[in-house]
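Chemist: Below you'll find protein-v3.csv; it's CSV, C-alpha atoms and all ligand atoms.
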```
chain,number,residue,atom,x,y,z
A,20,MET,CA,-15.6,-19.4,-1.7
A,21,ASN,CA,-17.3,-19.6,-5.1
A,22,THR,CA,-15.2,-21.5,-7.7
A,23,PRO,CA,-13.7,-21.2,-10.2
A,24,ILE,CA,-12.0,-18.3,-8.6
A,25,VAL,CA,-9.3,-15.8,-9.7
A,26,ILE,CA,-7.3,-14.0,-7.0
A,27,LEU,CA,-5.2,-11.1,-8.3
A,28,ASN,CA,-2.3,-10.4,-6.0
A,29,TYR,CA,-1.4,-6.7,-6.5
A,30,LYS,CA,2.0,-7.2,-4.8
A,31,THR,CA,3.9,-3.9,-4.7
A,32,TYR,CA,4.0,-3.1,-8.4
A,33,LEU,CA,3.6,0.6,-9.2
A,34,GLU,CA,1.0,-0.4,-11.8
A,35,SER,CA,-1.2,-1.7,-9.0
A,36,SER,CA,-0.5,0.9,-6.2
A,37,GLY,CA,-2.4,4.0,-5.1
A,38,LYS,CA,-4.8,5.4,-7.7
A,39,LYS,CA,-3.8,2.6,-10.1
A,40,ALA,CA,-4.9,0.1,-7.5
A,41,LEU,CA,-8.4,1.5,-7.9
A,42,GLU,CA,-8.2,1.4,-11.7
A,43,LEU,CA,-7.2,-2.2,-11.6
A,44,ALA,CA,-10.1,-2.9,-9.2
A,45,TYR,CA,-12.5,-1.4,-11.7
A,46,ALA,CA,-11.1,-3.7,-14.4
A,47,LEU,CA,-11.5,-6.7,-12.1
A,48,GLU,CA,-15.0,-5.8,-11.2
A,49,SER,CA,-16.0,-5.3,-14.8
A,50,ALA,CA,-14.3,-8.5,-16.0
A,51,SER,CA,-16.0,-10.4,-13.2
A,52,GLU,CA,-19.4,-9.1,-14.0
A,53,GLU,CA,-19.0,-9.8,-17.8
A,54,SER,CA,-17.7,-13.3,-17.3
A,55,GLY,CA,-19.6,-14.4,-14.2
A,56,ILE,CA,-16.4,-15.6,-12.6
A,57,THR,CA,-15.5,-14.7,-9.0
A,58,MET,CA,-12.5,-12.3,-9.0
A,59,VAL,CA,-10.8,-11.1,-5.8
A,60,ALA,CA,-8.5,-8.2,-5.4
A,61,SER,CA,-5.5,-8.5,-3.0
A,62,PRO,CA,-4.0,-5.0,-2.8
A,63,GLN,CA,-1.6,-3.4,-0.4
A,64,VAL,CA,-3.0,-2.5,3.0
A,65,ALA,CA,-3.1,1.2,2.2
A,66,ASP,CA,-5.3,0.6,-0.8
A,67,ILE,CA,-7.9,-1.7,0.8
A,68,TYR,CA,-10.3,0.9,2.0
A,69,ARG,CA,-10.1,2.9,-1.2
A,70,ILE,CA,-11.2,-0.2,-3.2
A,71,LYS,CA,-13.9,-1.2,-0.7
A,72,GLU,CA,-15.4,2.3,-0.9
A,73,LYS,CA,-15.7,2.3,-4.7
A,74,THR,CA,-16.3,-1.4,-5.7
A,75,SER,CA,-18.2,-4.4,-4.6
A,76,LEU,CA,-15.2,-6.7,-5.2
A,77,PRO,CA,-14.2,-9.2,-2.6
A,78,ILE,CA,-10.9,-8.1,-1.1
A,79,PHE,CA,-8.1,-10.2,0.4
A,80,ALA,CA,-5.2,-8.8,2.5
A,81,GLN,CA,-1.8,-9.9,1.3
A,82,HIS,CA,-0.7,-10.7,4.8
A,83,ILE,CA,-2.0,-10.7,8.4
A,84,ASP,CA,0.3,-10.7,11.4
A,85,PRO,CA,-0.2,-13.3,14.2
A,86,ILE,CA,-1.0,-10.6,16.8
A,87,THR,CA,-3.7,-9.4,19.1
A,88,PRO,CA,-4.5,-5.7,19.6
A,89,GLY,CA,-1.8,-3.8,21.5
A,90,GLY,CA,1.9,-2.9,21.0
A,91,HIS,CA,2.9,-4.2,17.6
A,92,THR,CA,4.2,-1.2,15.7
A,93,GLY,CA,4.2,-1.7,11.9
A,94,SER,CA,2.0,-4.9,12.0
A,95,ASN,CA,-1.2,-5.7,10.2
A,96,LEU,CA,-3.9,-6.3,12.8
A,97,ILE,CA,-6.8,-8.5,11.6
A,98,GLU,CA,-9.5,-6.3,13.3
A,99,THR,CA,-8.4,-3.2,11.4
A,100,LEU,CA,-8.2,-5.1,8.1
A,101,VAL,CA,-11.7,-6.5,8.6
A,102,GLU,CA,-13.1,-3.0,9.4
A,103,ALA,CA,-11.3,-1.7,6.2
A,104,GLY,CA,-13.2,-4.2,4.2
A,105,ILE,CA,-11.4,-7.5,3.7
A,106,SER,CA,-13.3,-10.8,3.4
A,107,GLY,CA,-10.2,-12.9,3.4
A,108,SER,CA,-6.4,-13.0,3.3
A,109,LEU,CA,-3.4,-14.6,1.6
A,110,ILE,CA,-1.2,-16.1,4.3
A,111,ASN,CA,2.5,-17.2,4.0
A,112,HIS,CA,3.1,-15.9,0.4
A,113,SER,CA,6.6,-16.9,-0.9
A,114,GLU,CA,7.6,-13.3,-0.7
A,115,ASN,CA,6.5,-13.0,2.9
A,116,ARG,CA,7.0,-16.4,4.5
A,117,MET,CA,5.9,-17.2,8.0
A,118,LYS,CA,6.7,-19.8,10.7
A,119,LEU,CA,4.5,-22.8,10.8
A,120,ALA,CA,2.9,-22.0,14.2
A,121,ASP,CA,2.2,-18.4,13.0
A,122,ILE,CA,0.5,-19.7,9.9
A,123,ASP,CA,-1.8,-21.8,12.1
A,124,ASP,CA,-2.5,-18.8,14.4
A,125,VAL,CA,-3.5,-16.6,11.5
A,126,VAL,CA,-5.7,-19.4,10.0
A,127,GLN,CA,-7.5,-19.6,13.4
A,128,LEU,CA,-7.7,-15.7,13.6
A,129,CYS,CA,-9.4,-15.8,10.1
A,130,LYS,CA,-11.9,-18.4,11.3
A,131,ALA,CA,-12.6,-16.4,14.5
A,132,HIS,CA,-13.3,-13.3,12.4
A,133,ASN,CA,-15.4,-15.2,9.7
A,134,ILE,CA,-13.1,-14.3,6.9
A,135,GLU,CA,-11.5,-16.7,4.3
A,136,SER,CA,-7.9,-17.9,4.6
A,137,CYS,CA,-5.8,-18.8,1.5
A,138,VAL,CA,-2.4,-20.2,2.6
A,139,CYS,CA,0.3,-20.2,0.0
A,140,THR,CA,2.7,-23.2,-0.3
A,141,ASN,CA,5.7,-23.9,-2.4
A,142,ASN,CA,5.5,-27.6,-3.1
A,143,ILE,CA,3.4,-30.8,-2.6
A,144,ALA,CA,4.8,-31.5,0.8
A,145,THR,CA,4.0,-28.1,2.3
A,146,SER,CA,0.5,-28.2,0.6
A,147,LYS,CA,-0.2,-31.4,2.5
A,148,ALA,CA,1.2,-30.1,5.8
A,149,ILE,CA,-0.9,-26.9,5.5
A,150,ALA,CA,-4.1,-28.8,4.7
A,151,THR,CA,-4.0,-30.1,8.3
A,152,PHE,CA,-4.7,-26.6,9.5
A,153,ASN,CA,-8.0,-26.6,7.5
A,154,PRO,CA,-7.7,-23.3,5.8
A,155,ASP,CA,-10.4,-22.4,3.2
A,156,ALA,CA,-7.8,-22.6,0.4
A,157,VAL,CA,-4.3,-23.6,-0.3
A,158,ALA,CA,-2.5,-21.9,-3.2
A,159,VAL,CA,0.6,-23.8,-4.5
A,160,GLU,CA,3.2,-21.7,-6.2
A,161,PRO,CA,6.7,-23.0,-7.0
A,162,PRO,CA,8.8,-19.9,-6.2
A,163,GLU,CA,11.2,-20.4,-9.1
A,164,LEU,CA,8.3,-19.8,-11.6
A,165,ILE,CA,6.9,-16.7,-9.9
A,166,GLY,CA,7.1,-13.7,-12.2
A,167,THR,CA,8.6,-15.7,-15.0
A,168,GLY,CA,5.6,-16.0,-17.3
A,169,ILE,CA,6.2,-19.8,-17.3
A,170,PRO,CA,2.9,-21.2,-16.1
A,171,VAL,CA,3.1,-23.8,-13.3
A,172,SER,CA,0.0,-25.5,-14.8
A,173,GLN,CA,2.0,-26.3,-17.9
A,174,ALA,CA,5.6,-26.4,-16.7
A,175,GLN,CA,5.0,-28.5,-13.5
A,176,PRO,CA,1.6,-30.1,-13.8
A,177,GLU,CA,2.5,-32.8,-11.3
A,178,VAL,CA,2.9,-30.1,-8.6
A,179,VAL,CA,-0.7,-28.9,-9.2
A,180,GLU,CA,-2.2,-32.4,-9.6
A,181,ASP,CA,-0.5,-34.0,-6.6
A,182,SER,CA,-1.2,-30.9,-4.4
A,183,VAL,CA,-4.9,-31.2,-5.3
A,184,ASN,CA,-4.9,-35.0,-4.5
A,185,GLU,CA,-3.0,-34.6,-1.2
A,186,VAL,CA,-5.0,-31.7,0.1
A,187,LYS,CA,-8.4,-33.1,-0.9
A,188,SER,CA,-7.4,-36.5,0.8
A,189,ILE,CA,-7.1,-34.6,4.1
A,190,ASN,CA,-10.1,-32.4,3.6
A,191,LYS,CA,-12.1,-32.4,0.4
A,192,ASP,CA,-13.7,-29.0,1.2
A,193,ILE,CA,-10.4,-27.1,1.0
A,194,LYS,CA,-10.0,-25.3,-2.3
A,195,VAL,CA,-6.8,-25.7,-4.1
A,196,LEU,CA,-5.5,-22.9,-6.3
A,197,CYS,CA,-2.3,-22.7,-8.2
A,198,GLY,CA,-0.1,-19.8,-9.2
A,199,ALA,CA,3.2,-18.7,-10.8
A,200,GLY,CA,3.5,-17.7,-14.4
A,201,ILE,CA,-0.3,-17.9,-15.0
A,202,SER,CA,-1.6,-15.4,-17.5
A,203,THR,CA,-3.6,-16.9,-20.4
A,204,GLY,CA,-6.8,-18.8,-20.9
A,205,ASP,CA,-4.8,-21.9,-21.8
A,206,ASP,CA,-2.9,-21.6,-18.5
A,207,MET,CA,-6.1,-21.4,-16.4
A,208,ARG,CA,-7.8,-24.1,-18.4
A,209,ALA,CA,-4.8,-26.4,-17.8
A,210,ALA,CA,-5.0,-25.6,-14.1
A,211,MET,CA,-8.6,-26.5,-13.9
A,212,ASP,CA,-8.1,-29.7,-15.9
A,213,LEU,CA,-5.5,-30.7,-13.2
A,214,GLY,CA,-8.2,-30.4,-10.6
A,215,ALA,CA,-7.5,-26.8,-9.3
A,216,ASP,CA,-10.4,-24.7,-8.1
A,217,GLY,CA,-8.8,-21.5,-9.4
A,218,VAL,CA,-5.7,-19.4,-9.8
A,219,LEU,CA,-3.6,-16.9,-7.8
A,220,LEU,CA,-1.7,-14.6,-10.2
A,221,ALA,CA,-0.1,-11.2,-10.5
A,222,SER,CA,2.3,-9.9,-13.1
A,223,GLY,CA,0.5,-11.3,-16.2
A,224,ILE,CA,-2.5,-9.1,-15.3
A,225,VAL,CA,-0.9,-6.2,-13.4
A,226,LYS,CA,1.5,-5.5,-16.2
A,227,ALA,CA,-0.8,-6.1,-19.1
A,228,GLU,CA,-1.5,-3.2,-21.4
A,229,ASN,CA,-5.2,-3.8,-20.9
A,230,PRO,CA,-5.8,-5.7,-17.6
A,231,LYS,CA,-9.6,-6.1,-18.2
A,232,ASN,CA,-9.0,-7.8,-21.6
A,233,ALA,CA,-6.2,-9.9,-20.0
A,234,LEU,CA,-8.7,-11.0,-17.3
A,235,LEU,CA,-11.3,-11.9,-19.9
A,236,ASP,CA,-8.8,-13.9,-21.9
A,237,LEU,CA,-7.7,-15.7,-18.6
A,238,VAL,CA,-11.3,-17.0,-18.0
A,239,SER,CA,-12.2,-17.4,-21.7
A,240,LYS,CA,-11.7,-21.2,-21.8
A,241,LEU,CA,-13.6,-22.2,-18.6
B,301,LIG,O1,0.7,-14.5,-5.7
B,301,LIG,C1,0.8,-14.6,-7.1
B,301,LIG,C2,2.2,-15.0,-7.5
B,301,LIG,O2,3.2,-15.1,-6.6
B,301,LIG,C3,2.4,-15.4,-8.9
B,301,LIG,O3,3.0,-14.3,-9.5
B,301,LIG,O4,3.6,-12.8,-11.3
B,301,LIG,O5,4.0,-15.3,-11.5
B,301,LIG,O6,1.7,-14.3,-11.6
B,301,LIG,P1,3.1,-14.2,-11.1
```
Once more with this new file: its structure as structure tokens, please.
Ligand code: G3P

Modeler:
Amino acid sequence: MNTPIVILNYKTYLESSGKKALELAYALESASEESGITMVASPQVADIYRIKEKTSLPIFAQHIDPITPGGHTGSNLIETLVEAGISGSLINHSENRMKLADIDDVVQLCKAHNIESCVCTNNIATSKAIATFNPDAVAVEPPELIGTGIPVSQAQPEVVEDSVNEVKSINKDIKVLCGAGISTGDDMRAAMDLGADGVLLASGIVKAENPKNALLDLVSKL
């Protein structure tokens, strides 16, 4: 995982679904090329292949189920997602929380399939607990700030800084990202100054009038 890194979670906004998912991917690709900063798209499952076909962006799934091939109707199977083009996945996002044992299973599945795992956490204690699973990255996001436009890196700097310290004390190679309310260059700069390796964000870019310009602003102070 090259850092600093920006992971854009498309969630299920209409502005980032279907044909618009591809337009957003073009904005990400072009902002990444112009800035030299690694940017990752995390679209809905149905849009992964469409983005893989048309861009060279790294793509993360939003969720992988802890299953093996067989009878699991409605589930996201890692083998299919890898064939569709993902190179990693978010795991345990606040909007799709998982049991502890299932998080561990999916981190291990990602290792077995040589893709990157980014486990979301909601506070310092869960960041520390998840670090013991040795994912590639932990992304700490206080749920109460998600979608508010109030940046975690400025509103709760201690959550970012202490998560970085706790995670790195367990394994210094695990990247620590932060998310919730991040949208501007100042927000990302503040995150990096607290020791983060990057950001995980959504609404500030997905709902921006011009997502490419918003992305360029996001990384303008690095
Ligand atoms: O996964 C990103 C996230 O939950 C933060 O959302 O809209 O506050 O950037 P947002």

Chemist: Counting all atoms listed in the file, which residues have an atom no more than 7 Å from (-1.0, -16.9, -14.2) in the file's coordinates? Please list them as a ChimeraX atom specification.

Modeler: /A:170,198-203,206,218-221,223

Chemist: Extract, using only C-alpha atoms, all DNA, RNA and protein residues at most 12 Å from segment 84-99 of chain A, discarding same-chain residues fewer than 3 positions from it, and format them as a PyMOL selection string.

Modeler: chain A and resi 63-65+67-68+79-81+102-111+115-136

Chemist: Env of segment 171-181 of chain A: 10 Å cut, atoms = all atoms listed in the file, seq-sep filter 3 positions within chain, self excluded. Answer as a PDB file with C-alpha atoms, keeping the file's coordinate frame.

Modeler:
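Saved file around-v6.pdb follows:
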```
ATOM      1  CA  ASN A 141       5.700 -23.900  -2.400  1.00  0.00           C
ATOM      2  CA  ASN A 142       5.500 -27.600  -3.100  1.00  0.00           C
ATOM      3  CA  ILE A 143       3.400 -30.800  -2.600  1.00  0.00           C
ATOM      4  CA  ALA A 144       4.800 -31.500   0.800  1.00  0.00           C
ATOM      5  CA  SER A 146       0.500 -28.200   0.600  1.00  0.00           C
ATOM      6  CA  LYS A 147      -0.200 -31.400   2.500  1.00  0.00           C
ATOM      7  CA  ALA A 158      -2.500 -21.900  -3.200  1.00  0.00           C
ATOM      8  CA  VAL A 159       0.600 -23.800  -4.500  1.00  0.00           C
ATOM      9  CA  GLU A 160       3.200 -21.700  -6.200  1.00  0.00           C
ATOM     10  CA  PRO A 161       6.700 -23.000  -7.000  1.00  0.00           C
ATOM     11  CA  PRO A 162       8.800 -19.900  -6.200  1.00  0.00           C
ATOM     12  CA  GLU A 163      11.200 -20.400  -9.100  1.00  0.00           C
ATOM     13  CA  LEU A 164       8.300 -19.800 -11.600  1.00  0.00           C
ATOM     14  CA  ILE A 165       6.900 -16.700  -9.900  1.00  0.00           C
ATOM     15  CA  THR A 167       8.600 -15.700 -15.000  1.00  0.00           C
ATOM     16  CA  GLY A 168       5.600 -16.000 -17.300  1.00  0.00           C
ATOM     17  CA  ASN A 184      -4.900 -35.000  -4.500  1.00  0.00           C
ATOM     18  CA  GLU A 185      -3.000 -34.600  -1.200  1.00  0.00           C
ATOM     19  CA  VAL A 186      -5.000 -31.700   0.100  1.00  0.00           C
ATOM     20  CA  LYS A 187      -8.400 -33.100  -0.900  1.00  0.00           C
ATOM     21  CA  VAL A 195      -6.800 -25.700  -4.100  1.00  0.00           C
ATOM     22  CA  LEU A 196      -5.500 -22.900  -6.300  1.00  0.00           C
ATOM     23  CA  CYS A 197      -2.300 -22.700  -8.200  1.00  0.00           C
ATOM     24  CA  GLY A 198      -0.100 -19.800  -9.200  1.00  0.00           C
ATOM     25  CA  ALA A 199       3.200 -18.700 -10.800  1.00  0.00           C
ATOM     26  CA  GLY A 200       3.500 -17.700 -14.400  1.00  0.00           C
ATOM     27  CA  ILE A 201      -0.300 -17.900 -15.000  1.00  0.00           C
ATOM     28  CA  ASP A 205      -4.800 -21.900 -21.800  1.00  0.00           C
ATOM     29  CA  ASP A 206      -2.900 -21.600 -18.500  1.00  0.00           C
ATOM     30  CA  MET A 207      -6.100 -21.400 -16.400  1.00  0.00           C
ATOM     31  CA  ARG A 208      -7.800 -24.100 -18.400  1.00  0.00           C
ATOM     32  CA  ALA A 209      -4.800 -26.400 -17.800  1.00  0.00           C
ATOM     33  CA  ALA A 210      -5.000 -25.600 -14.100  1.00  0.00           C
ATOM     34  CA  MET A 211      -8.600 -26.500 -13.900  1.00  0.00           C
ATOM     35  CA  ASP A 212      -8.100 -29.700 -15.900  1.00  0.00           C
ATOM     36  CA  LEU A 213      -5.500 -30.700 -13.200  1.00  0.00           C
ATOM     37  CA  GLY A 214      -8.200 -30.400 -10.600  1.00  0.00           C
ATOM     38  CA  ALA A 215      -7.500 -26.800  -9.300  1.00  0.00           C
ATOM     39  CA  VAL A 218      -5.700 -19.400  -9.800  1.00  0.00           C
TER      40      VAL A 218
END
```

Chemist: Just want the 12 Å neighbourhood of Ser35 of chain A, counted on all atoms listed in the file, with same-chain residues fewer than 4 positions away dropped. Output as number ranges by chain.

Modeler: A: 27-31, 39-47, 60-63, 65-67, 70, 221-222, 224-227, 230

Chemist: Those same residues - C-alpha atoms - I'd like them written as a compact mmCIF listing (two decimals), in the frame of the given file.

Modeler:
```txt
# COMPACT_ATOMS: atom_id res chain seq x y z
CA LEU A 27 -5.20 -11.10 -8.30
CA ASN A 28 -2.30 -10.40 -6.00
CA TYR A 29 -1.40 -6.70 -6.50
CA LYS A 30 2.00 -7.20 -4.80
CA THR A 31 3.90 -3.90 -4.70
CA LYS A 39 -3.80 2.60 -10.10
CA ALA A 40 -4.90 0.10 -7.50
CA LEU A 41 -8.40 1.50 -7.90
CA GLU A 42 -8.20 1.40 -11.70
CA LEU A 43 -7.20 -2.20 -11.60
CA ALA A 44 -10.10 -2.90 -9.20
CA TYR A 45 -12.50 -1.40 -11.70
CA ALA A 46 -11.10 -3.70 -14.40
CA LEU A 47 -11.50 -6.70 -12.10
CA ALA A 60 -8.50 -8.20 -5.40
CA SER A 61 -5.50 -8.50 -3.00
CA PRO A 62 -4.00 -5.00 -2.80
CA GLN A 63 -1.60 -3.40 -0.40
CA ALA A 65 -3.10 1.20 2.20
CA ASP A 66 -5.30 0.60 -0.80
CA ILE A 67 -7.90 -1.70 0.80
CA ILE A 70 -11.20 -0.20 -3.20
CA ALA A 221 -0.10 -11.20 -10.50
CA SER A 222 2.30 -9.90 -13.10
CA ILE A 224 -2.50 -9.10 -15.30
CA VAL A 225 -0.90 -6.20 -13.40
CA LYS A 226 1.50 -5.50 -16.20
CA ALA A 227 -0.80 -6.10 -19.10
CA PRO A 230 -5.80 -5.70 -17.60
```

Chemist: In Å, how far is it from atom CA of Ala50 of chain A to atom CA of Ile169 of chain A?

Modeler: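 Atom-to-atom, atom CA of Ala50 of chain A and atom CA of Ile169 of chain A are spaced 23.4 Å apart.
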
Chemist: Please measure the separation of atom CA of Cys137 of chain A and atom CA of Glu228 of chain A, giving the value in Å to one decimal.

Modeler: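 Atom-to-atom, atom CA of Cys137 of chain A and atom CA of Glu228 of chain A are spaced 28.0 Å apart.
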
Chemist: To one decimal in Å, tell me the separation between atom CA of Lys240 of chain A and atom CA of Ser51 of chain A.

Modeler: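 So the two atoms, atom CA of Lys240 of chain A and atom CA of Ser51 of chain A, lie 14.5 Å apart.
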
Chemist: Restricting the calculation to all atoms listed in the file, which member of A:Ile26, A:Leu235, A:Val101, A:Glu53 is positioned closest to ligand LIG 301 (chain B)?

Modeler: A:Ile26

Chemist: With only C-alpha atoms and all ligand atoms as the basis for distance, which of A:Lys38, A:Thr57, A:Ala150, A:Tyr32 is at the shortest distance from ligand LIG 301 (chain B)?

Modeler: A:Tyr32

Chemist: Which is closest to Leu237 of chain A among A:Met58, A:Thr145, A:Ile193, A:Gly204, if we use only C-alpha atoms?

Modeler: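 Nearest to Leu237 of chain A: A:Gly204.
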
Chemist: Between A:Asn153, A:Ser188, A:Ser113, A:Thr140, which residue has the minimum interatomic distance to ligand LIG 301 (chain B), considering all atoms listed in the file?

Modeler: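 Once distances to ligand LIG 301 (chain B) are computed over all atoms listed in the file, the minimum belongs to A:Ser113.
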
Chemist: Name the closest residue to ligand LIG 301 (chain B) among the candidates A:Ala148, A:Cys139, A:Ile78, A:Leu234; distances are taken between atoms, counting all atoms listed in the file.

Modeler: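 Smallest separation from ligand LIG 301 (chain B) among the options: A:Cys139.
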
Chemist: Rank A:Glu72, A:Glu114, A:Asp236, A:Glu34 by their smallest atom-to-atom distance to ligand LIG 301 (chain B), using all atoms listed in the file, and report the top residue only.

Modeler: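 Of all the options, A:Glu114 lies closest to ligand LIG 301 (chain B).
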